[in-house]
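Scroll down for the structure; my scribbles are underneath it.
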Amino acid sequence: MPVPDLPHGRLQMQTQRALEEEPESLSRRNFFATLCIALSGLCAVILGVPLVGFILAPLFRKTPQHWIPLGKTGQFEVGKTINVSFMDPSPLPWAGITAKSAAWLRRVSATEFIAFSVNCTHLGCPVRWLPDAELFMCPCHGGVYYKDGTVAAGPPPHPLIRYEVRVLNDEVQIKSAAIPITTTL
Amino acid sequence: MKRLLAAVWKWTDDRIGISDLMGPAMTHLVPRDSKWWYVFGSATMLAFIVQVVTGVALAFSYVSSSSQAYDTLQFITNNAPFGRILRGMHYYGASAMVLMVGAHLAQTFLFGAYKFPREMNWTTGVLLLGMTLIMGFTGQLLRWDQTAAWSVVVAAEQAGRVPLIGDPLARFILGGNTIGGATLSRFFAIHVFVIPAMLFVFIGLHLWLVLRHGISEPPVPGQPVNPKTYREWYHRFLEKHGHPFWPDGAWRDFVFGTGLIIVIALLAIFVGPPAIDRPPDPSMLNADPRPDWYLLWYFSLLALIPTRVEGFVMILVPALIAAMLLFVPLLNNRGERAPSRRPWSIAVVLCSVVMIGSLWAVGISSPWSPNFHPGHLPVTVIGTDTGPIFQGAVLFDEKGCLNCHLVSGYGGRRGPDLTHIGDELTQDNMVIRIVNGGVNMPAFGNTLKPGEIDSLVAFLSSRHKTPR
């Protein structure tokens, strides 16, 4: 096959000739090729391990759960459901207002409180409480829940997730928790 | 002066080799008949360039911190010179990129241009389409207002439905267990570095493939693609019916592209960028998160699919669409290219447009969502301001019925329109429905007293086509 009279054409020809005429140099060439590929792989590992570790770190970060005070029991009326907001107990310094969080707190009786996650179990949108209707409604896809958090209508697959709540020294406290994620399998 | 400039150019070109590098690409032959149908690819790239330019400009003021991004966006929009226009151009540039990549995809599919030897042109193009949509979504999140913050939660919830790895994937998106300091910065990195770098690589590859295989000739009925003979035939065809890309073929790209940029700029100036919602405070629950228009159709789909299959549809539908698009050329890479000989291709494009368009249209009104501000039924609609009918109307409002049901144009559209329910249901049936609920309606048996149910029924029974 004719090789064009171009620099890279000549180079190709020389390379081909070298391959044909110097079989003893093949192992040396193979060694260098293998060495270069191995070194590239090593470089990729050196760069990749901290990169992947850094990006995936939030998955493995243990978030300590804390009891967060919401107020004295007298502040909450029996039979009423209200929105309570509180701060993430250990936010990143630049979180700003995103460190805030919320829950729906229902005082069932003098001693019993229920705290619901504000996230619809369908796709996580914030549900709103309609006090007269005694229903939670979701603005995104129309999920509806009864006052006890069970599904009343719409696409939510599960009742509203409940947070742990307790009364300690006449103070209502809620336990910080992750945003509930509905999984399939 | 002219001679001096020519000398400078000659020296520079000799040392850098611009002509050697770009010359063959600029002057490669393209089919003379490839006219206005062929401008969408270059228009997509131009929209991407608009995004890069305006994005770099915005990055001069945008701070990707969860606590400051919102304020910097307010500053860019309301205080920075040209900030409003730049934000607008970035938004409409994104919209243009989505529209143009969609038009390019449809044209390529209709013309059968994905067939031999351009299969990888198509595949890289599909990947670019996916990256464009990811850019659109992550860009909306960088607005970092209330809608953006809740959209992150929605995205995490969707990712959570992926089998086996759903939960860690959702935590990865959130940057932890909740929205917080880590959430925005990772979307910033993805939007500004990761996906753009991939876009540059794949656009380069896509362009290289366009040069390698040439621009497909307009399809002619009865002229099927035969992989054994196509390349030779194409080169002979170009020698006879081709002309250089620059400037004979390129002028249309420049005209269309200029028009596109003018439209983007005019929209940015006269319509302006999308409004910034309230701050991204996760404790403010009066939020109504909606994706930007190019993903609104998917938002609608999630509201309309049956709940039982939703978990699968949420993951399988996008995966199936992606797989079908990626494997189109592997299933059919030879034969007729003309749409008149491939009527199913026209049907596929039309069905896709109608389906996405319908879902988009219904997504705008979102009738499945309750109306949280339905107002009150006026006395003119109720027909009286005393007695059980009036009391029933007040209860209809207070108990949340009006949030979901329409009465004479007032209320929500989530449930059936009850304007003439008095003609359609007996009083007994109304009681059964109110007490027990229905397929998509809560049961009110535990929250309404018997007298209240009577009043409600009295009000509903008074809703007739013709007043009685």
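We name chains A, B, ... following the order of the structure tokens; residues begin at 1 in each chain, and ligands are numbered from 1 as shown.
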Within 7 Å of chain A: residues of chain B, using only C-alpha atoms, as a ChimeraX atom specification: /B:65-67,150,153-154,157-158,160-164,166-168,171-172,175-181,280-283,285,287-289,303,307,311,368-370,398-400,440-442
Backbone-only DSSP, helix (DSSP H, G or I) members of chain A, as a PyMOL selection string: chain A and resi 7-21+23-60+73-75+96-99
Selected residue of minimal separation from Gly222 of chain B among B:Ser185, B:Gly335, B:Leu304, B:Pro279, counting only C-alpha atoms: B:Gly335
If we count only C-alpha atoms, what is near segment 206-221 of chain B at a cut-off of 9 Å, once residues fewer than 4 positions away on the same chain are taken out, given as a PDB file with N, CA and C atoms, in the first residue's frame?
```pdb
ATOM      1  N   ALA B  25     -12.021  21.265   7.764  1.00  0.00           N
ATOM      2  CA  ALA B  25     -13.351  21.215   8.396  1.00  0.00           C
ATOM      3  C   ALA B  25     -14.274  22.263   7.781  1.00  0.00           C
ATOM      4  N   HIS B  28     -15.103  21.325   3.972  1.00  0.00           N
ATOM      5  CA  HIS B  28     -15.560  19.980   3.598  1.00  0.00           C
ATOM      6  C   HIS B  28     -16.901  20.089   2.865  1.00  0.00           C
ATOM      7  N   LEU B  29     -17.101  19.149   1.965  1.00  0.00           N
ATOM      8  CA  LEU B  29     -18.294  19.248   1.121  1.00  0.00           C
ATOM      9  C   LEU B  29     -19.534  18.796   1.882  1.00  0.00           C
ATOM     10  N   VAL B  30     -20.607  19.542   1.669  1.00  0.00           N
ATOM     11  CA  VAL B  30     -21.898  19.149   2.241  1.00  0.00           C
ATOM     12  C   VAL B  30     -22.922  19.102   1.104  1.00  0.00           C
ATOM     13  N   PRO B  31     -23.952  18.273   1.251  1.00  0.00           N
ATOM     14  CA  PRO B  31     -24.956  18.185   0.177  1.00  0.00           C
ATOM     15  C   PRO B  31     -25.588  19.556  -0.085  1.00  0.00           C
ATOM     16  N   ARG B  32     -25.695  19.882  -1.361  1.00  0.00           N
ATOM     17  CA  ARG B  32     -26.230  21.197  -1.727  1.00  0.00           C
ATOM     18  C   ARG B  32     -27.694  21.352  -1.284  1.00  0.00           C
ATOM     19  N   ASP B  33     -28.401  20.227  -1.185  1.00  0.00           N
ATOM     20  CA  ASP B  33     -29.829  20.308  -0.828  1.00  0.00           C
ATOM     21  C   ASP B  33     -30.085  20.371   0.675  1.00  0.00           C
ATOM     22  N   SER B  34     -29.021  20.309   1.459  1.00  0.00           N
ATOM     23  CA  SER B  34     -29.250  20.356   2.914  1.00  0.00           C
ATOM     24  C   SER B  34     -29.486  21.810   3.313  1.00  0.00           C
ATOM     25  N   LYS B  35     -30.757  22.149   3.389  1.00  0.00           N
ATOM     26  CA  LYS B  35     -31.087  23.570   3.578  1.00  0.00           C
ATOM     27  C   LYS B  35     -31.569  23.859   4.997  1.00  0.00           C
ATOM     28  N   TYR B  38     -31.575  21.695   8.260  1.00  0.00           N
ATOM     29  CA  TYR B  38     -30.313  21.266   8.856  1.00  0.00           C
ATOM     30  C   TYR B  38     -29.732  22.293   9.840  1.00  0.00           C
ATOM     31  N   PHE B 111     -35.626  12.110   9.111  1.00  0.00           N
ATOM     32  CA  PHE B 111     -34.822  11.967   7.892  1.00  0.00           C
ATOM     33  C   PHE B 111     -34.024  10.659   7.866  1.00  0.00           C
ATOM     34  N   GLY B 112     -34.167   9.865   8.933  1.00  0.00           N
ATOM     35  CA  GLY B 112     -33.415   8.600   8.978  1.00  0.00           C
ATOM     36  C   GLY B 112     -31.911   8.826   8.961  1.00  0.00           C
ATOM     37  N   ALA B 113     -31.482   9.981   9.464  1.00  0.00           N
ATOM     38  CA  ALA B 113     -30.055  10.318   9.386  1.00  0.00           C
ATOM     39  C   ALA B 113     -29.220   9.539  10.395  1.00  0.00           C
ATOM     40  N   TYR B 114     -29.901   8.771  11.270  1.00  0.00           N
ATOM     41  CA  TYR B 114     -29.172   7.964  12.255  1.00  0.00           C
ATOM     42  C   TYR B 114     -28.682   6.663  11.651  1.00  0.00           C
ATOM     43  N   PRO B 117     -23.723   5.449   8.025  1.00  0.00           N
ATOM     44  CA  PRO B 117     -22.722   5.088   9.043  1.00  0.00           C
ATOM     45  C   PRO B 117     -22.775   6.032  10.240  1.00  0.00           C
ATOM     46  N   ARG B 118     -23.925   6.653  10.444  1.00  0.00           N
ATOM     47  CA  ARG B 118     -23.992   7.744  11.437  1.00  0.00           C
ATOM     48  C   ARG B 118     -24.641   7.292  12.752  1.00  0.00           C
ATOM     49  N   MET B 120     -23.324   6.430  15.551  1.00  0.00           N
ATOM     50  CA  MET B 120     -22.734   7.035  16.751  1.00  0.00           C
ATOM     51  C   MET B 120     -22.995   8.544  16.808  1.00  0.00           C
ATOM     52  N   ASN B 121     -23.247   9.157  15.654  1.00  0.00           N
ATOM     53  CA  ASN B 121     -23.674  10.564  15.681  1.00  0.00           C
ATOM     54  C   ASN B 121     -24.953  10.665  16.507  1.00  0.00           C
ATOM     55  N   TRP B 122     -25.867   9.726  16.232  1.00  0.00           N
ATOM     56  CA  TRP B 122     -27.161   9.706  16.932  1.00  0.00           C
ATOM     57  C   TRP B 122     -26.968   9.432  18.422  1.00  0.00           C
ATOM     58  N   THR B 124     -24.330   9.779  20.386  1.00  0.00           N
ATOM     59  CA  THR B 124     -23.723  10.902  21.120  1.00  0.00           C
ATOM     60  C   THR B 124     -24.726  12.044  21.250  1.00  0.00           C
ATOM     61  N   GLY B 125     -25.565  12.207  20.234  1.00  0.00           N
ATOM     62  CA  GLY B 125     -26.591  13.251  20.289  1.00  0.00           C
ATOM     63  C   GLY B 125     -27.602  12.983  21.394  1.00  0.00           C
ATOM     64  N   LEU B 128     -26.108  13.897  24.573  1.00  0.00           N
ATOM     65  CA  LEU B 128     -26.110  15.363  24.709  1.00  0.00           C
ATOM     66  C   LEU B 128     -27.494  15.880  25.108  1.00  0.00           C
ATOM     67  N   VAL B 201     -16.822  17.709  25.748  1.00  0.00           N
ATOM     68  CA  VAL B 201     -16.234  16.482  25.197  1.00  0.00           C
ATOM     69  C   VAL B 201     -17.178  15.868  24.150  1.00  0.00           C
ATOM     70  N   PHE B 202     -18.459  15.762  24.516  1.00  0.00           N
ATOM     71  CA  PHE B 202     -19.384  15.072  23.616  1.00  0.00           C
ATOM     72  C   PHE B 202     -19.771  15.940  22.410  1.00  0.00           C
ATOM     73  N   ARG B 231     -20.945   4.389   1.575  1.00  0.00           N
ATOM     74  CA  ARG B 231     -19.837   5.356   1.693  1.00  0.00           C
ATOM     75  C   ARG B 231     -19.340   5.779   0.312  1.00  0.00           C
ATOM     76  N   TYR B 234     -21.878   7.925  -1.330  1.00  0.00           N
ATOM     77  CA  TYR B 234     -21.977   9.254  -0.721  1.00  0.00           C
ATOM     78  C   TYR B 234     -20.857  10.162  -1.250  1.00  0.00           C
ATOM     79  N   PHE B 237     -21.656  11.156  -4.661  1.00  0.00           N
ATOM     80  CA  PHE B 237     -22.782  12.093  -4.590  1.00  0.00           C
ATOM     81  C   PHE B 237     -22.280  13.501  -4.240  1.00  0.00           C
ATOM     82  N   LEU B 238     -21.359  13.551  -3.259  1.00  0.00           N
ATOM     83  CA  LEU B 238     -20.845  14.858  -2.834  1.00  0.00           C
ATOM     84  C   LEU B 238     -20.055  15.532  -3.949  1.00  0.00           C
ATOM     85  N   GLU B 336     -34.752   2.280   3.750  1.00  0.00           N
ATOM     86  CA  GLU B 336     -35.313   3.588   3.372  1.00  0.00           C
ATOM     87  C   GLU B 336     -35.090   4.638   4.451  1.00  0.00           C
ATOM     88  N   ARG B 337     -34.823   5.875   4.009  1.00  0.00           N
ATOM     89  CA  ARG B 337     -34.664   6.979   4.955  1.00  0.00           C
ATOM     90  C   ARG B 337     -35.817   7.978   4.847  1.00  0.00           C
ATOM     91  N   ALA B 338     -36.443   8.020   3.672  1.00  0.00           N
ATOM     92  CA  ALA B 338     -37.467   9.050   3.452  1.00  0.00           C
ATOM     93  C   ALA B 338     -38.646   8.846   4.394  1.00  0.00           C
ATOM     94  N   PRO B 339     -39.131   9.906   5.055  1.00  0.00           N
ATOM     95  CA  PRO B 339     -40.275   9.748   5.964  1.00  0.00           C
ATOM     96  C   PRO B 339     -41.512   9.214   5.258  1.00  0.00           C
ATOM     97  N   SER B 340     -41.663   9.503   3.961  1.00  0.00           N
ATOM     98  CA  SER B 340     -42.846   9.003   3.256  1.00  0.00           C
ATOM     99  C   SER B 340     -42.830   7.481   3.152  1.00  0.00           C
ATOM    100  N   ARG B 341     -41.626   6.878   3.206  1.00  0.00           N
ATOM    101  CA  ARG B 341     -41.526   5.416   3.197  1.00  0.00           C
ATOM    102  C   ARG B 341     -41.439   4.847   4.613  1.00  0.00           C
TER     103      ARG B 341
END
```
Quick one: residues within 8 Å of segment 348-364 of chain B, only C-alpha atoms counted, chain neighbours fewer than 5 positions away excluded, as a CSV table (one decimal) with C-alpha atoms, in the first residue's frame?
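So the final result, stored in result.csv, reads:
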```csv
chain,number,residue,atom,x,y,z
B,106,ALA,CA,-36.9,15.0,15.5
B,110,LEU,CA,-37.6,11.8,10.5
B,293,TRP,CA,-41.4,24.1,31.5
B,296,LEU,CA,-43.3,20.0,33.6
B,297,TRP,CA,-44.6,17.1,31.4
B,298,TYR,CA,-42.8,14.6,33.6
B,299,PHE,CA,-44.2,16.3,36.7
B,300,SER,CA,-47.7,15.8,35.2
B,301,LEU,CA,-47.0,12.2,34.3
```
